[in-house]
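Below is one structure, written out as structure tokens; the observations come after it.
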Amino acid sequence: MPNVFDYLAWRGDLTFAQSPFNEADSLILCRLAYIPFDGIAPASFVQAIPLADAAARCLHGAPPQSAIPLPAEAGAPQEGSAEPPRRFRLADDARLLAALATSRRFCNARLSGYVNLFDPAAEKQFSALTILLEGELPYVAFRGTDGTLVGWKEDFNMSFLTVVPAQKEAVQYLCAASDSLCGRLRVGGHSKGGNLAVYASAFCGEEIQSRIESVYNHDGPGFLSEVVTREGFQRILGRVHTFVPQSSVVGMLLQHEEGCAIVHSTNTWLLQHDLYSWETASNGLVFTEARTRSSRFIDSTLKAWLTQMNPEDRGKLVDGVYTALSASGAVTVADLNRPKTAVSVLREMKKLDEPTKAIIQQAVELLSASARENLPVVLERMRKEKE
């Protein structure tokens, strides 16, 4: 099945004047936000580096060729010096960067305002990038969750906090980016980045909000009900475009006021969160009519489960599990796959205080009960839809 690489083969030789911006372009730019441009793309919104130049440095450790000045950043290579190629989150990220750098559609884009913050003590993981497209509106892209436990902890904090540190950073970032840009702009992100894009667009203030052409949320979680009812959120709602794969889990978490367009993914279940598995056409994404039974079952089960727990207990649950995971020595989610780490996690779980253990046990029991109650409901709904 065709994906973003096929889309670039079909449309990469066309400018935005020849083929207008669409949701597949947004998908690509959101994935670009995951590229490790540290020390390469300027943090300043006044300066910018051509995408082709940034790609050369990321992929090959090549010295920059651009005449556009880069800020003097701590640890950044000096002009004319080489550096080692970067490590990418996914293997396809390097391939995507190379394809963008050689495509007529994206090669003249410029990158600015690169920010990458990581603060375990504050439970904050935040990164964003502003992309200045040739002949198109600027695109403010927010990165999703990285592979760290801290990044995932911040995601789960959204289940009981009306605002998390990354959301505050996103609002400040969008305001700063908007101040440096003229006219209208687009905002987007994937996973948590999609949530940040919506949150920042909702609470950046009316003047900036009026300049936002559209907001793209690619399989990002929703919000607590206290957030979606606020005035700023309601003002931007009509410009929010949310896309989820047919078996979406992450994108169905919490509450979505906006409708969701369902994209066909070639992967299964949680692996559909990978943007490289989303099917494309020559003029955008390929859509399907409905989410799968498993997606709807998990969605209804988790929502029912969360409503049975008050925010305080949700917080204690998340904090308790995170304490055990981090005390095991694990730093990334990948670390949890190691047998020794699993043993350490179980050992640390036993060390939790009794009230926390009780909340975790209660949460497991409530989740099991919600699953038993929702399965017949989902099956009946599916039966009626087939009639």
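Labels used: A, B, ... for chains in the order of the structure tokens, numbers from 1 for residues in each chain, and numbers from 1 for ligands as shown.
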Just want the 8 Å neighbourhood of A:Met252, counted on only C-alpha atoms, with same-chain residues fewer than 5 positions away dropped. Output as a ChimeraX atom specification.
/A:219-222,299
List every residue of stretch 99-264 of chain A that DSSP, applied to the backbone, labels as alpha helix (DSSP H), and write the result as a count of residues only.
54
Top pick for closest residue to A:Lys303, considering A:Ser370, A:Gln234, A:Gln125, A:Ser178 and counting only C-alpha atoms:
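Looking at the shortest contact to A:Lys303, the residue is A:Ser370.
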As a PyMOL selection string, please: the residues near stretch 111-123 of chain A (cut-off 6 Å, only C-alpha atoms, same-chain neighbours under 3 positions excluded).
chain A and resi 41-45+48-49+126-131+150+154
Selection above as a file: C-alpha atoms, as a short mmCIF file (atom, residue, chain, number, x, y, z; two decimals), in the first residue's frame:
data_model
loop_
_atom_site.label_atom_id
_atom_site.label_comp_id
_atom_site.auth_asym_id
_atom_site.auth_seq_id
_atom_site.Cartn_x
_atom_site.Cartn_y
_atom_site.Cartn_z
CA ALA A 41 18.13 24.39 13.21
CA PRO A 42 18.23 27.78 14.96
CA ALA A 43 16.21 28.36 18.10
CA SER A 44 15.57 31.90 16.94
CA PHE A 45 12.53 32.70 14.80
CA ALA A 48 16.40 29.99 9.47
CA ILE A 49 18.28 27.18 7.79
CA PHE A 126 8.54 19.29 24.65
CA SER A 127 9.83 19.97 21.16
CA ALA A 128 8.62 22.15 18.31
CA LEU A 129 9.72 23.44 14.92
CA THR A 130 8.50 26.19 12.61
CA ILE A 131 8.65 25.33 8.91
CA VAL A 150 9.10 11.01 31.36
CA GLU A 154 3.38 13.58 30.97
#
Calculate how many Å separate atom CA of A:Pro165 from atom CA of A:Gly189, rounding to one decimal.
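Separation of atom CA of A:Pro165 and atom CA of A:Gly189: 16.6 Å.
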List as number ranges by chain the protein and nucleic acid residues near stretch 279-287 of chain A, meaning an atom at most 6 Å away when only C-alpha atoms are counted, but skip any in the same chain fewer than 3 places from it.
A: 2-3, 7, 10, 22-24, 262-265
What does the structure give for the distance between atom CA of A:Asp38 and atom CA of A:Ala330, in Å to one decimal?
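Between these atoms lies a distance of 24.1 Å.
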So, with only C-alpha atoms as the atoms that count, which of A:Trp305, A:Glu169, A:Pro20, A:Val249 lies closest to A:Arg293?
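Among the listed residues, the smallest separation from A:Arg293 belongs to A:Val249.
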Which parts of stretch 129-234 of chain A does DSSP call strand (DSSP E) when run on the backbone here, written out as a ChimeraX atom specification?
/A:129-132,139-142,185-190,212-218
Atom pair atom CA of A:Arg186 / atom CA of A:Leu51: separation (Å)
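One can read the atom CA of A:Arg186 to atom CA of A:Leu51 distance as 18.3 Å.
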At most 10 Å is the cut-off: for each residue in stretch 298-322 of chain A with any atom that close to an atom of stretch 337-348 of chain A, write down the nearest atom pair and the distance in Å rounded to one decimal, counting only C-alpha atoms, chain first then increasing number, as JSON lines.
{"residue": "A:Gly320", "atom": "CA", "partner": "A:Glu348", "partner_atom": "CA", "distance": 10.0}
{"residue": "A:Val321", "atom": "CA", "partner": "A:Val345", "partner_atom": "CA", "distance": 9.1}
{"residue": "A:Tyr322", "atom": "CA", "partner": "A:Val345", "partner_atom": "CA", "distance": 9.8}
Take the residues just selected and output them with C-alpha atoms as a compact mmCIF listing (two decimals), in the first residue's frame.
# COMPACT_ATOMS: atom_id res chain seq x y z
CA GLY A 320 2.49 4.99 41.65
CA VAL A 321 3.14 3.08 38.44
CA TYR A 322 5.66 5.69 37.26
Can you list, as a CSV table (one decimal) with N, CA and C atoms, in the first residue's frame, every protein, DNA or RNA residue that comes within 7 Å of A:Gln255 when you count only C-alpha atoms, leaving out same-chain residues fewer than 5 positions away?
chain,number,residue,atom,x,y,z
A,222,GLY,N,-7.3,13.4,23.3
A,222,GLY,CA,-8.2,14.6,23.5
A,222,GLY,C,-7.8,15.3,24.8
A,223,PHE,N,-8.9,15.8,25.5
A,223,PHE,CA,-8.7,16.6,26.7
A,223,PHE,C,-9.8,16.2,27.7
A,224,LEU,N,-9.6,16.7,28.9
A,224,LEU,CA,-10.6,16.6,29.9
A,224,LEU,C,-11.8,17.5,29.6
A,225,SER,N,-13.0,17.1,30.0
A,225,SER,CA,-14.2,17.9,29.7
A,225,SER,C,-14.1,19.4,30.2
Would you tabulate, counting only C-alpha atoms, all residues of stretch 26-56 of chain A that have an atom at most 12 Å from an atom of stretch 106-109 of chain A, showing the closest pair of atoms and their distance in Å to one decimal, sorted by chain then ascending number, as a Markdown table?
| residue | atom | partner | partner_atom | distance |
| --- | --- | --- | --- | --- |
| A:Ser26 | CA | A:Phe106 | CA | 11.9 |
| A:Ile28 | CA | A:Phe106 | CA | 10.1 |
| A:Leu29 | CA | A:Phe106 | CA | 9.7 |
| A:Leu32 | CA | A:Phe106 | CA | 11.2 |
| A:Ala48 | CA | A:Ala109 | CA | 9.5 |
| A:Ile49 | CA | A:Ala109 | CA | 8.6 |
| A:Pro50 | CA | A:Ala109 | CA | 6.0 |
| A:Leu51 | CA | A:Ala109 | CA | 5.5 |
| A:Ala52 | CA | A:Cys107 | CA | 5.8 |
| A:Asp53 | CA | A:Cys107 | CA | 9.3 |
| A:Ala54 | CA | A:Ala109 | CA | 10.5 |
| A:Ala55 | CA | A:Cys107 | CA | 9.7 |
| A:Ala56 | CA | A:Cys107 | CA | 11.7 |
